[in-house]
$ cat my_file.cif   # mmCIF, C-alpha atoms
data_protein
#
loop_
_atom_site.group_PDB
_atom_site.id
_atom_site.type_symbol
_atom_site.label_atom_id
_atom_site.label_comp_id
_atom_site.auth_asym_id
_atom_site.auth_seq_id
_atom_site.Cartn_x
_atom_site.Cartn_y
_atom_site.Cartn_z
ATOM 1 C CA MET A 10 0.000 0.000 0.000
ATOM 2 C CA ILE A 11 2.848 2.373 0.904
ATOM 3 C CA MET A 12 4.578 1.699 -2.407
ATOM 4 C CA ARG A 13 1.344 2.292 -4.277
ATOM 5 C CA ASN A 14 0.808 5.638 -2.538
ATOM 6 C CA LEU A 15 4.383 6.661 -3.346
ATOM 7 C CA VAL A 16 3.873 5.803 -6.992
ATOM 8 C CA ILE A 17 0.692 7.905 -7.063
ATOM 9 C CA LEU A 18 2.498 10.764 -5.323
ATOM 10 C CA PHE A 19 5.422 10.740 -7.752
ATOM 11 C CA SER A 20 2.986 10.571 -10.668
ATOM 12 C CA LEU A 21 1.175 13.654 -9.425
ATOM 13 C CA LEU A 22 4.457 15.477 -8.900
ATOM 14 C CA SER A 23 5.570 14.615 -12.417
ATOM 15 C CA ILE A 24 2.424 16.301 -13.703
ATOM 16 C CA LEU A 25 2.425 19.326 -11.420
ATOM 17 C CA LEU A 26 6.135 20.191 -11.275
ATOM 18 C CA PRO A 27 6.479 21.013 -14.999
ATOM 19 C CA GLN A 28 3.518 23.354 -14.633
ATOM 20 C CA VAL A 29 5.109 25.047 -11.587
ATOM 21 C CA ALA A 30 8.393 25.408 -13.464
ATOM 22 C CA SER A 31 6.695 26.781 -16.540
ATOM 23 C CA ALA A 32 4.886 29.325 -14.377
ATOM 24 C CA GLN A 33 8.287 30.913 -13.654
ATOM 25 C CA ASN A 34 9.454 30.776 -17.269
ATOM 26 C CA PHE A 35 8.119 34.058 -18.652
ATOM 27 C CA GLU A 36 8.788 37.764 -18.241
ATOM 28 C CA SER A 37 5.731 39.114 -20.071
ATOM 29 C CA LEU A 38 2.094 38.299 -20.760
ATOM 30 C CA TRP A 39 -0.102 39.249 -23.734
ATOM 31 C CA ALA A 40 -3.861 39.527 -24.223
ATOM 32 C CA THR A 41 -5.219 38.014 -27.434
ATOM 33 C CA GLY A 42 -8.370 36.402 -28.798
ATOM 34 C CA SER A 43 -11.587 37.560 -30.437
ATOM 35 C CA ALA A 44 -12.327 39.937 -27.515
ATOM 36 C CA VAL A 45 -9.296 42.098 -28.327
ATOM 37 C CA PRO A 46 -10.306 44.786 -30.861
ATOM 38 C CA ASP A 47 -8.944 44.585 -34.422
ATOM 39 C CA GLY A 48 -7.167 41.295 -33.821
ATOM 40 C CA GLN A 49 -4.467 42.957 -31.753
ATOM 41 C CA THR A 50 -2.121 41.304 -29.291
ATOM 42 C CA ILE A 51 -1.643 43.642 -26.324
ATOM 43 C CA GLU A 52 1.138 43.346 -23.766
ATOM 44 C CA LEU A 53 0.085 43.513 -20.129
ATOM 45 C CA THR A 54 1.812 45.963 -17.779
ATOM 46 C CA LYS A 55 4.084 44.308 -15.246
ATOM 47 C CA ARG A 56 3.620 45.891 -11.817
ATOM 48 C CA PRO A 57 6.390 46.283 -9.229
ATOM 49 C CA ASP A 58 4.681 43.599 -7.102
ATOM 50 C CA GLY A 59 5.128 41.000 -9.862
ATOM 51 C CA GLN A 60 1.513 40.989 -11.027
ATOM 52 C CA TYR A 61 0.409 41.819 -14.588
ATOM 53 C CA ARG A 62 -2.354 44.284 -15.436
ATOM 54 C CA PHE A 63 -4.469 45.040 -18.507
ATOM 55 C CA ALA A 64 -6.459 48.262 -18.848
ATOM 56 C CA GLY A 65 -8.269 49.011 -22.077
ATOM 57 C CA ALA A 66 -11.161 48.359 -24.434
ATOM 58 C CA LEU A 67 -12.531 44.888 -25.191
ATOM 59 C CA VAL A 68 -15.380 43.634 -27.350
ATOM 60 C CA SER A 69 -17.736 40.716 -26.940
ATOM 61 C CA GLY A 70 -15.837 37.471 -27.493
ATOM 62 C CA GLU A 71 -13.159 35.283 -25.960
ATOM 63 C CA LEU A 72 -10.076 36.627 -24.241
ATOM 64 C CA LYS A 73 -6.903 34.568 -23.943
ATOM 65 C CA VAL A 74 -3.721 35.362 -22.041
ATOM 66 C CA MET A 75 -0.465 33.920 -23.376
ATOM 67 C CA THR A 76 3.229 34.006 -22.527
ATOM 68 C CA THR A 77 4.610 35.012 -25.938
ATOM 69 C CA GLU A 78 3.762 37.915 -28.224
ATOM 70 C CA THR A 79 3.041 35.588 -31.150
ATOM 71 C CA PHE A 80 1.871 32.006 -30.947
ATOM 72 C CA GLU A 81 4.647 29.386 -31.144
ATOM 73 C CA LYS A 82 3.399 25.824 -31.060
ATOM 74 C CA GLY A 83 4.958 23.847 -28.222
ATOM 75 C CA VAL A 84 6.410 27.019 -26.678
ATOM 76 C CA THR A 85 3.537 29.415 -25.989
ATOM 77 C CA GLN A 86 1.634 28.803 -22.780
ATOM 78 C CA PHE A 87 -1.955 29.922 -22.204
ATOM 79 C CA LEU A 88 -3.653 30.729 -18.917
ATOM 80 C CA LYS A 89 -6.617 28.350 -18.859
ATOM 81 C CA PRO A 90 -9.375 29.085 -16.308
ATOM 82 C CA GLN A 91 -10.231 26.094 -14.135
ATOM 83 C CA LEU A 92 -13.961 26.824 -14.299
ATOM 84 C CA VAL A 93 -16.029 26.273 -17.433
ATOM 85 C CA ASP A 94 -17.443 29.448 -19.036
ATOM 86 C CA SER A 95 -15.373 31.764 -16.816
ATOM 87 C CA TYR A 96 -16.321 35.416 -17.208
ATOM 88 C CA LEU A 97 -13.592 38.060 -17.292
ATOM 89 C CA ILE A 98 -15.421 40.162 -14.700
ATOM 90 C CA ASN A 99 -14.914 38.113 -11.555
ATOM 91 C CA LYS A 100 -13.595 38.221 -7.996
ATOM 92 C CA GLY A 101 -10.686 35.902 -8.700
ATOM 93 C CA ILE A 102 -10.608 32.675 -10.728
ATOM 94 C CA THR A 103 -7.659 30.270 -10.558
ATOM 95 C CA TYR A 104 -6.013 29.170 -13.780
ATOM 96 C CA GLN A 105 -3.664 26.495 -15.085
ATOM 97 C CA TYR A 106 -0.957 26.667 -17.741
ATOM 98 C CA THR A 107 -1.480 24.819 -21.005
ATOM 99 C CA LYS A 108 0.247 24.697 -24.382
ATOM 100 C CA ASP A 109 -2.987 23.567 -26.037
ATOM 101 C CA GLU A 110 -4.230 26.602 -27.978
ATOM 102 C CA THR A 111 -7.700 25.061 -28.328
ATOM 103 C CA GLN A 112 -8.409 25.319 -24.599
ATOM 104 C CA PRO A 113 -11.000 28.003 -23.673
ATOM 105 C CA GLY A 114 -10.112 31.427 -22.289
ATOM 106 C CA TRP A 115 -12.248 34.003 -20.496
ATOM 107 C CA VAL A 116 -15.671 35.148 -21.680
ATOM 108 C CA VAL A 117 -16.191 38.852 -22.439
ATOM 109 C CA SER A 118 -19.946 39.244 -22.711
ATOM 110 C CA PHE A 119 -20.209 42.873 -23.874
ATOM 111 C CA SER A 120 -18.104 45.641 -25.396
ATOM 112 C CA GLU A 121 -16.726 48.331 -23.091
ATOM 113 C CA ASP A 122 -13.806 50.769 -23.081
ATOM 114 C CA ALA A 123 -12.838 50.424 -19.414
ATOM 115 C CA TYR A 124 -11.972 46.783 -18.773
ATOM 116 C CA SER A 125 -9.225 45.950 -16.314
ATOM 117 C CA PHE A 126 -7.910 42.586 -15.223
ATOM 118 C CA LEU A 127 -5.038 41.504 -13.013
ATOM 119 C CA VAL A 128 -2.981 38.317 -13.323
ATOM 120 C CA ASP A 129 -1.368 37.101 -10.095
ATOM 121 C CA PRO A 130 1.236 34.432 -11.028
ATOM 122 C CA ALA A 131 2.115 33.685 -7.390
ATOM 123 C CA ASN A 132 -1.448 32.558 -6.627
ATOM 124 C CA ARG A 133 -2.419 31.643 -10.212
ATOM 125 C CA LYS A 134 -5.475 33.885 -10.179
ATOM 126 C CA LEU A 135 -7.036 36.269 -12.661
ATOM 127 C CA THR A 136 -9.368 39.001 -11.388
ATOM 128 C CA GLY A 137 -11.340 41.318 -13.694
ATOM 129 C CA GLU A 138 -13.534 44.393 -13.392
ATOM 130 C CA LEU A 139 -14.906 47.477 -15.093
ATOM 131 C CA VAL A 140 -13.204 50.664 -13.871
ATOM 132 C CA PHE A 141 -15.410 53.696 -13.282
ATOM 133 C CA PRO A 142 -14.110 57.275 -12.863
ATOM 134 C CA TRP A 143 -13.752 58.573 -9.324
ATOM 135 C CA ASN A 144 -15.751 61.637 -8.362
ATOM 136 C CA GLU A 145 -12.782 63.292 -6.692
ATOM 137 C CA MET A 146 -9.120 62.889 -5.801
ATOM 138 C CA LEU A 147 -7.380 64.453 -2.811
ATOM 139 C CA ILE A 148 -3.853 64.623 -1.445
ATOM 140 C CA ALA A 149 -3.558 63.837 2.263
ATOM 141 C CA GLY A 150 -0.536 63.958 4.531
ATOM 142 C CA SER A 151 2.163 66.089 6.092
ATOM 143 C CA ALA A 152 3.966 67.180 2.913
ATOM 144 C CA PHE A 153 1.964 70.406 2.661
ATOM 145 C CA GLU A 154 1.326 73.213 5.129
ATOM 146 C CA GLY A 155 -1.533 72.496 7.537
ATOM 147 C CA GLY A 156 -1.883 68.871 6.453
ATOM 148 C CA ALA A 157 -0.817 67.414 9.792
ATOM 149 C CA ASN A 158 0.292 68.160 13.332
ATOM 150 C CA ASP A 159 2.721 66.289 15.569
ATOM 151 C CA VAL A 160 0.104 63.613 16.341
ATOM 152 C CA GLU A 161 -1.918 62.874 13.200
ATOM 153 C CA TRP A 162 -2.830 63.823 9.671
ATOM 154 C CA SER A 163 -5.919 66.005 9.240
ATOM 155 C CA ARG A 164 -8.550 64.608 6.900
ATOM 156 C CA ASP A 165 -10.250 68.031 6.828
ATOM 157 C CA ALA A 166 -7.074 69.589 5.401
ATOM 158 C CA MET A 167 -6.882 67.385 2.290
ATOM 159 C CA LEU A 168 -6.286 69.276 -0.974
ATOM 160 C CA SER A 169 -8.388 68.581 -4.063
ATOM 161 C CA PHE A 170 -7.128 67.608 -7.507
ATOM 162 C CA GLU A 171 -8.741 69.011 -10.651
ATOM 163 C CA GLN A 172 -10.533 66.448 -12.809
ATOM 164 C CA ASP A 173 -9.782 66.533 -16.536
ATOM 165 C CA ARG A 174 -12.810 67.608 -18.575
ATOM 166 C CA ASP A 175 -11.990 65.360 -21.515
ATOM 167 C CA ASN A 176 -10.791 62.321 -19.556
ATOM 168 C CA PRO A 177 -12.575 61.891 -16.193
ATOM 169 C CA TYR A 178 -10.040 59.266 -15.092
ATOM 170 C CA VAL A 179 -7.239 61.872 -15.042
ATOM 171 C CA PHE A 180 -6.678 64.251 -12.114
ATOM 172 C CA THR A 181 -4.110 67.063 -11.758
ATOM 173 C CA TRP A 182 -2.870 68.902 -8.683
ATOM 174 C CA THR A 183 -0.398 71.791 -8.567
ATOM 175 C CA GLY A 184 0.926 73.230 -5.355
ATOM 176 C CA GLU A 185 3.734 73.511 -2.819
ATOM 177 C CA LEU A 186 5.148 70.429 -1.117
ATOM 178 C CA GLY A 187 8.014 70.049 1.303
ATOM 179 C CA VAL A 188 9.346 68.553 4.510
ATOM 180 C CA TYR A 189 7.886 70.563 7.379
ATOM 181 C CA ASN A 190 9.039 70.548 10.998
ATOM 182 C CA ASP A 191 7.009 69.503 14.043
ATOM 183 C CA VAL A 192 4.620 67.220 12.124
ATOM 184 C CA ILE A 193 4.150 63.466 12.130
ATOM 185 C CA GLU A 194 5.722 61.619 9.164
ATOM 186 C CA PRO A 195 7.377 64.711 7.626
ATOM 187 C CA GLY A 196 7.235 64.950 3.842
ATOM 188 C CA ARG A 197 4.853 62.023 3.309
ATOM 189 C CA PHE A 198 1.465 61.802 1.574
ATOM 190 C CA LYS A 199 -1.027 59.427 -0.065
ATOM 191 C CA LEU A 200 -4.097 59.912 -2.267
ATOM 192 C CA GLU A 201 -7.715 59.582 -1.187
ATOM 193 C CA GLY A 202 -10.868 59.214 -3.281
ATOM 194 C CA GLN A 203 -13.019 60.925 -0.637
ATOM 195 C CA MET A 204 -12.613 63.376 2.236
ATOM 196 C CA THR A 205 -11.892 60.598 4.738
ATOM 197 C CA TRP A 206 -9.644 57.552 5.185
ATOM 198 C CA GLY A 207 -10.750 54.960 2.633
ATOM 199 C CA PRO A 208 -12.295 53.003 1.124
ATOM 200 C CA ARG A 209 -10.824 54.464 -2.100
ATOM 201 C CA GLU A 210 -7.090 55.112 -1.761
ATOM 202 C CA PHE A 211 -3.979 55.080 -3.936
ATOM 203 C CA HIS A 212 -0.512 54.280 -2.617
ATOM 204 C CA PRO A 213 3.011 53.832 -3.984
ATOM 205 C CA TYR A 214 4.308 50.277 -4.181
ATOM 206 C CA GLN A 215 7.148 51.037 -1.765
ATOM 207 C CA GLN A 216 7.214 53.092 1.423
ATOM 208 C CA ASP A 217 8.857 56.514 0.934
ATOM 209 C CA GLU A 218 8.904 56.222 -2.850
ATOM 210 C CA ASP A 219 10.352 59.428 -4.307
ATOM 211 C CA ILE A 220 7.547 61.231 -6.117
ATOM 212 C CA LEU A 221 9.849 62.265 -8.971
ATOM 213 C CA GLN A 222 10.781 58.608 -9.602
ATOM 214 C CA SER A 223 7.329 57.052 -9.120
ATOM 215 C CA THR A 224 5.377 55.966 -12.208
ATOM 216 C CA GLN A 225 2.811 53.406 -10.996
ATOM 217 C CA MET A 226 0.392 53.371 -8.078
ATOM 218 C CA ARG A 227 -1.964 50.783 -6.576
ATOM 219 C CA LYS A 228 -5.422 50.790 -5.073
ATOM 220 C CA GLY A 229 -5.663 49.828 -1.401
ATOM 221 C CA GLY A 230 -3.289 47.396 0.241
ATOM 222 C CA ALA A 231 -0.503 48.346 2.641
ATOM 223 C CA ASP A 232 -0.594 51.939 3.889
ATOM 224 C CA THR A 233 2.588 53.066 2.106
ATOM 225 C CA LYS A 234 3.209 56.729 1.310
ATOM 226 C CA TRP A 235 5.087 58.860 -1.183
ATOM 227 C CA ARG A 236 7.872 61.090 0.123
ATOM 228 C CA VAL A 237 9.018 64.565 -0.915
ATOM 229 C CA SER A 238 12.736 65.249 -0.572
ATOM 230 C CA GLN A 239 12.907 68.746 -2.073
ATOM 231 C CA HIS A 240 10.767 71.725 -1.168
ATOM 232 C CA GLY A 241 9.097 73.299 -4.189
ATOM 233 C CA VAL A 242 6.051 73.695 -6.378
ATOM 234 C CA TYR A 243 4.964 70.417 -7.990
ATOM 235 C CA ARG A 244 2.458 69.284 -10.556
ATOM 236 C CA ILE A 245 1.080 65.763 -9.987
ATOM 237 C CA VAL A 246 -0.957 63.969 -12.662
ATOM 238 C CA VAL A 247 -2.635 60.636 -11.880
ATOM 239 C CA ASP A 248 -4.741 58.309 -14.036
ATOM 240 C CA VAL A 249 -7.230 56.189 -12.089
ATOM 241 C CA PHE A 250 -7.823 53.844 -15.029
ATOM 242 C CA GLN A 251 -4.206 53.233 -15.981
ATOM 243 C CA GLU A 252 -3.064 53.508 -12.330
ATOM 244 C CA THR A 253 -0.198 55.785 -13.343
ATOM 245 C CA PHE A 254 1.477 58.548 -11.340
ATOM 246 C CA HIS A 255 3.615 61.411 -12.648
ATOM 247 C CA ALA A 256 5.093 64.266 -10.612
ATOM 248 C CA GLU A 257 7.006 67.230 -11.999
ATOM 249 C CA LEU A 258 8.982 69.791 -10.015
ATOM 250 C CA LEU A 259 7.957 73.120 -11.503
ATOM 251 C CA SER A 260 10.004 75.326 -9.207
ATOM 252 C CA GLY A 261 12.395 74.449 -6.402
ATOM 253 C CA THR A 262 12.749 76.889 -3.523
ATOM 254 C CA ARG A 263 15.837 77.707 -1.508
ATOM 255 C CA SER A 264 15.816 78.099 2.272
ATOM 256 C CA VAL A 265 17.145 81.366 3.753
ATOM 257 C CA ASN A 266 18.346 82.085 7.258
ATOM 258 C CA ASP A 267 15.003 83.124 8.729
ATOM 259 C CA GLY A 268 13.443 79.770 7.772
ATOM 260 C CA SER A 269 11.226 81.224 5.026
ATOM 261 C CA THR A 270 11.553 80.489 1.322
ATOM 262 C CA GLU A 271 13.116 82.783 -1.191
ATOM 263 C CA ILE A 272 10.649 84.220 -3.719
ATOM 264 C CA GLU A 273 11.722 86.614 -6.425
ATOM 265 C CA SER A 274 10.004 89.925 -7.001
ATOM 266 C CA VAL A 275 8.795 90.992 -10.410
ATOM 267 C CA ASP A 276 11.775 93.372 -10.645
ATOM 268 C CA ALA A 277 14.140 90.368 -10.583
ATOM 269 C CA LEU A 278 13.031 89.470 -14.099
ATOM 270 C CA ASP A 279 14.694 92.631 -15.461
ATOM 271 C CA ASN A 280 13.735 92.929 -19.128
ATOM 272 C CA THR A 281 13.767 89.179 -19.808
ATOM 273 C CA VAL A 282 10.629 87.979 -21.577
ATOM 274 C CA PRO A 283 9.227 84.786 -19.937
ATOM 275 C CA SER A 284 8.518 81.819 -22.192
ATOM 276 C CA VAL A 285 5.510 80.593 -20.207
ATOM 277 C CA ILE A 286 3.633 81.893 -17.157
ATOM 278 C CA TYR A 287 1.593 79.542 -14.947
ATOM 279 C CA ASP A 288 -0.602 80.078 -11.923
ATOM 280 C CA LEU A 289 -0.601 77.579 -9.025
ATOM 281 C CA ASN A 290 -3.361 75.582 -10.719
ATOM 282 C CA GLY A 291 -1.122 74.973 -13.718
ATOM 283 C CA GLN A 292 -3.086 77.308 -15.992
ATOM 284 C CA ILE A 293 -1.111 79.290 -18.592
ATOM 285 C CA HIS A 294 -1.455 83.103 -18.682
ATOM 286 C CA ARG A 295 -0.201 85.734 -21.112
ATOM 287 C CA SER A 296 1.080 88.061 -18.384
ATOM 288 C CA LEU A 297 1.992 88.062 -14.707
ATOM 289 C CA ARG A 298 -0.985 88.086 -12.344
ATOM 290 C CA LYS A 299 -1.306 89.415 -8.832
ATOM 291 C CA GLY A 300 0.030 86.900 -6.339
ATOM 292 C CA LEU A 301 2.392 83.994 -6.944
ATOM 293 C CA ASN A 302 3.360 83.110 -10.529
ATOM 294 C CA LEU A 303 5.458 80.240 -11.883
ATOM 295 C CA VAL A 304 7.600 81.639 -14.683
ATOM 296 C CA ARG A 305 9.491 79.432 -17.138
ATOM 297 C CA MET A 306 12.366 81.425 -18.614
ATOM 298 C CA PRO A 307 13.820 81.057 -22.157
ATOM 299 C CA ASP A 308 16.736 79.036 -20.722
ATOM 300 C CA GLY A 309 14.296 76.515 -19.237
ATOM 301 C CA GLN A 310 14.674 77.697 -15.643
ATOM 302 C CA VAL A 311 11.467 78.029 -13.632
ATOM 303 C CA ARG A 312 11.160 80.878 -11.126
ATOM 304 C CA LYS A 313 8.613 81.736 -8.481
ATOM 305 C CA VAL A 314 7.653 85.380 -8.904
ATOM 306 C CA ILE A 315 5.279 87.294 -6.704
ATOM 307 C CA VAL A 316 3.360 90.347 -7.887
ATOM 308 C CA ARG A 317 1.997 92.536 -5.068
#
$ encode --input "my_file.cif" --output "structure tokens"
Amino acid sequence: MIMRNLVILFSLLSILLPQVASAQNFESLWATGSAVPDGQTIELTKRPDGQYRFAGALVSGELKVMTTETFEKGVTQFLKPQLVDSYLINKGITYQYTKDETQPGWVVSFSEDAYSFLVDPANRKLTGELVFPWNEMLIAGSAFEGGANDVEWSRDAMLSFEQDRDNPYVFTWTGELGVYNDVIEPGRFKLEGQMTWGPREFHPYQQDEDILQSTQMRKGGADTKWRVSQHGVYRIVVDVFQETFHAELLSGTRSVNDGSTEIESVDALDNTVPSVIYDLNGQIHRSLRKGLNLVRMPDGQVRKVIVR
């Protein structure tokens, strides 16, 4: 009996181990099948956590996920759902690897522009959804004045992003960020989808990720935060659908002895003609306006100029 059980065990291992090995044997995944518009093959985005994400339009049909950009018989592996008639919109369906191109994929039952699905190779699961625009986006934390004290962050002090009129998934914020004294978690922030803590939040993949180096963000999960290392005026653009993050330093500021920041007067421009003039909301103006202006000079330098 013992020998028989060992034989069965080794037989099972001989079947499962090649699949486990093959699961490690790819660096990219592609979406294909009749559900991909115009017969395209689209590469999935590899996230810093090792998962793969698709975000885009699909049509009614069958979606397959494969390990090579073009099909190579005996080489290409497909992610085959374990359940029959598995729909792409789901809460997590396990899959197996197969080299049989005739095996079924996932069912896409209707056409839509905002499909998203996530492939988790570690747990062999595919999860899919439709992504809807958020109503608002806010920056929360201690990286801006009044955002926190020495005990906690203030949810009432969150600053609102501006939603793009043409693309409701895109939000932009322009303002001053820095590392302030006498506050908890100096120079850190995260993004909220409402004027409170959760349920909609975006975080960087790593704690203290430099905002000028960060390109991807994730919904929920560990409470990691972005970190600002240089005081200045920033523009941050995020895309809820693509889960992308982009920060640009518009104007760095220099500390002076009294602890304030150095801001140039309008006279400091002399007779130089600015290339572009922005307000703090990132809007372009033809001339300097009363208050603080961000002025990009012909040499590419950006100055903060105040008009009283």
$ closest_residue --input "my_file.cif" --among "A:Gly156, A:Gly230, A:Pro307, A:Pro46" --to "Asp191 (chain A)" --atoms "only C-alpha atoms"
A:Gly156
$ residues_around --input "my_file.cif" --residues "Tyr96 (chain A)" --least-positions-apart "5" --cutoff "9 Å" --atoms "all atoms listed in the file" --output "PDB file with C-alpha atoms, in the coordinates of the input"
ATOM      1  CA  GLY A 114     -10.112  31.427 -22.289  1.00  0.00           C
ATOM      2  CA  TRP A 115     -12.248  34.003 -20.496  1.00  0.00           C
ATOM      3  CA  VAL A 116     -15.671  35.148 -21.680  1.00  0.00           C
ATOM      4  CA  VAL A 117     -16.191  38.852 -22.439  1.00  0.00           C
ATOM      5  CA  SER A 118     -19.946  39.244 -22.711  1.00  0.00           C
ATOM      6  CA  GLY A 137     -11.340  41.318 -13.694  1.00  0.00           C
TER       7      GLY A 137
END
$ residues_near_point --input "my_file.cif" --point "(-3.4, 70.9, 2.8)" --cutoff "8 Å" --atoms "all atoms listed in the file" --output "list in words"
Ile148, Ala149, Gly150, Phe153, Glu154, Gly155, Gly156, Ala166, Met167 and Leu168 of chain A
$ closest_atom_pairs --input "my_file.cif" --of "region 166-189 of chain A" --to "region 239-257 of chain A" --cutoff "7 Å" --atoms "all atoms listed in the file" --output "Markdown table"
| residue | atom | partner | partner_atom | distance |
| --- | --- | --- | --- | --- |
| A:Tyr178 | CA | A:Val249 | CA | 5.1 |
| A:Val179 | CA | A:Asp248 | CA | 4.5 |
| A:Phe180 | CA | A:Val247 | CA | 5.4 |
| A:Thr181 | CA | A:Val246 | CA | 4.5 |
| A:Trp182 | CA | A:Ile245 | CA | 5.2 |
| A:Thr183 | CA | A:Arg244 | CA | 4.3 |
| A:Gly184 | CA | A:Val242 | CA | 5.2 |
| A:Glu185 | CA | A:Val242 | CA | 4.3 |
| A:Leu186 | CA | A:His240 | CA | 5.8 |
| A:Gly187 | CA | A:His240 | CA | 4.1 |
| A:Val188 | CA | A:His240 | CA | 6.7 |
$ atom_distance --input "my_file.cif" --atom1 "CA of Lys82 (chain A)" --atom2 "CA of Val45 (chain A)"
20.8 Å
$ residues_around --input "my_file.cif" --residues "Pro130 (chain A)" --least-positions-apart "2" --cutoff "12 Å" --atoms "all atoms listed in the file" --output "PyMOL selection string"
chain A and resi 28-38+55-56+58-62+76+88+102-106+127-128+132-136
$ residues_near_point --input "my_file.cif" --point "(-0.3, 93.9, -9.0)" --cutoff "10 Å" --atoms "all atoms listed in the file" --output "VMD selection string"
chain A and resid 275 297 to 300 315 to 317
$ residues_around --input "my_file.cif" --residues "Trp206 (chain A)" --least-positions-apart "3" --cutoff "12 Å" --atoms "only C-alpha atoms" --output "JSON, numbers by chain"
{"A": [147, 148, 149, 150, 162, 163, 164, 165, 167, 199, 200, 201, 202, 203, 209, 210, 211, 229, 232]}
$ write_last_selection --input "my_file.cif" --atoms "C-alpha atoms" --output "mmCIF file, in the coordinates of the input"
data_model
loop_
_atom_site.group_PDB
_atom_site.id
_atom_site.type_symbol
_atom_site.label_atom_id
_atom_site.label_comp_id
_atom_site.auth_asym_id
_atom_site.auth_seq_id
_atom_site.Cartn_x
_atom_site.Cartn_y
_atom_site.Cartn_z
ATOM 1 C CA LEU A 147 -7.380 64.453 -2.811
ATOM 2 C CA ILE A 148 -3.853 64.623 -1.445
ATOM 3 C CA ALA A 149 -3.558 63.837 2.263
ATOM 4 C CA GLY A 150 -0.536 63.958 4.531
ATOM 5 C CA TRP A 162 -2.830 63.823 9.671
ATOM 6 C CA SER A 163 -5.919 66.005 9.240
ATOM 7 C CA ARG A 164 -8.550 64.608 6.900
ATOM 8 C CA ASP A 165 -10.250 68.031 6.828
ATOM 9 C CA MET A 167 -6.882 67.385 2.290
ATOM 10 C CA LYS A 199 -1.027 59.427 -0.065
ATOM 11 C CA LEU A 200 -4.097 59.912 -2.267
ATOM 12 C CA GLU A 201 -7.715 59.582 -1.187
ATOM 13 C CA GLY A 202 -10.868 59.214 -3.281
ATOM 14 C CA GLN A 203 -13.019 60.925 -0.637
ATOM 15 C CA ARG A 209 -10.824 54.464 -2.100
ATOM 16 C CA GLU A 210 -7.090 55.112 -1.761
ATOM 17 C CA PHE A 211 -3.979 55.080 -3.936
ATOM 18 C CA GLY A 229 -5.663 49.828 -1.401
ATOM 19 C CA ASP A 232 -0.594 51.939 3.889
#
$ resolve_selection --input "my_file.cif" --expression "the PyMOL selection byres ((chain A and resi 219) around 10)" --output "PDB file with C-alpha atoms, in the coordinates of the input"
ATOM      1  CA  ARG A 197       4.853  62.023   3.309  1.00  0.00           C
ATOM      2  CA  PRO A 213       3.011  53.832  -3.984  1.00  0.00           C
ATOM      3  CA  GLN A 215       7.148  51.037  -1.765  1.00  0.00           C
ATOM      4  CA  GLN A 216       7.214  53.092   1.423  1.00  0.00           C
ATOM      5  CA  ASP A 217       8.857  56.514   0.934  1.00  0.00           C
ATOM      6  CA  GLU A 218       8.904  56.222  -2.850  1.00  0.00           C
ATOM      7  CA  ILE A 220       7.547  61.231  -6.117  1.00  0.00           C
ATOM      8  CA  LEU A 221       9.849  62.265  -8.971  1.00  0.00           C
ATOM      9  CA  GLN A 222      10.781  58.608  -9.602  1.00  0.00           C
ATOM     10  CA  SER A 223       7.329  57.052  -9.120  1.00  0.00           C
ATOM     11  CA  THR A 224       5.377  55.966 -12.208  1.00  0.00           C
ATOM     12  CA  LYS A 234       3.209  56.729   1.310  1.00  0.00           C
ATOM     13  CA  TRP A 235       5.087  58.860  -1.183  1.00  0.00           C
ATOM     14  CA  ARG A 236       7.872  61.090   0.123  1.00  0.00           C
ATOM     15  CA  VAL A 237       9.018  64.565  -0.915  1.00  0.00           C
ATOM     16  CA  SER A 238      12.736  65.249  -0.572  1.00  0.00           C
ATOM     17  CA  GLN A 239      12.907  68.746  -2.073  1.00  0.00           C
ATOM     18  CA  ALA A 256       5.093  64.266 -10.612  1.00  0.00           C
TER      19      ALA A 256
END
$ atom_distance --input "my_file.cif" --atom1 "CA of Asn176 (chain A)" --atom2 "CA of Val140 (chain A)"
13.2 Å
$ closest_residue --input "my_file.cif" --among "A:Thr107, A:Gln292, A:Ser125, A:Ser120" --to "Pro90 (chain A)" --atoms "only C-alpha atoms"
A:Thr107
$ atom_distance --input "my_file.cif" --atom1 "CA of Trp143 (chain A)" --atom2 "CA of Leu97 (chain A)"
22.0 Å
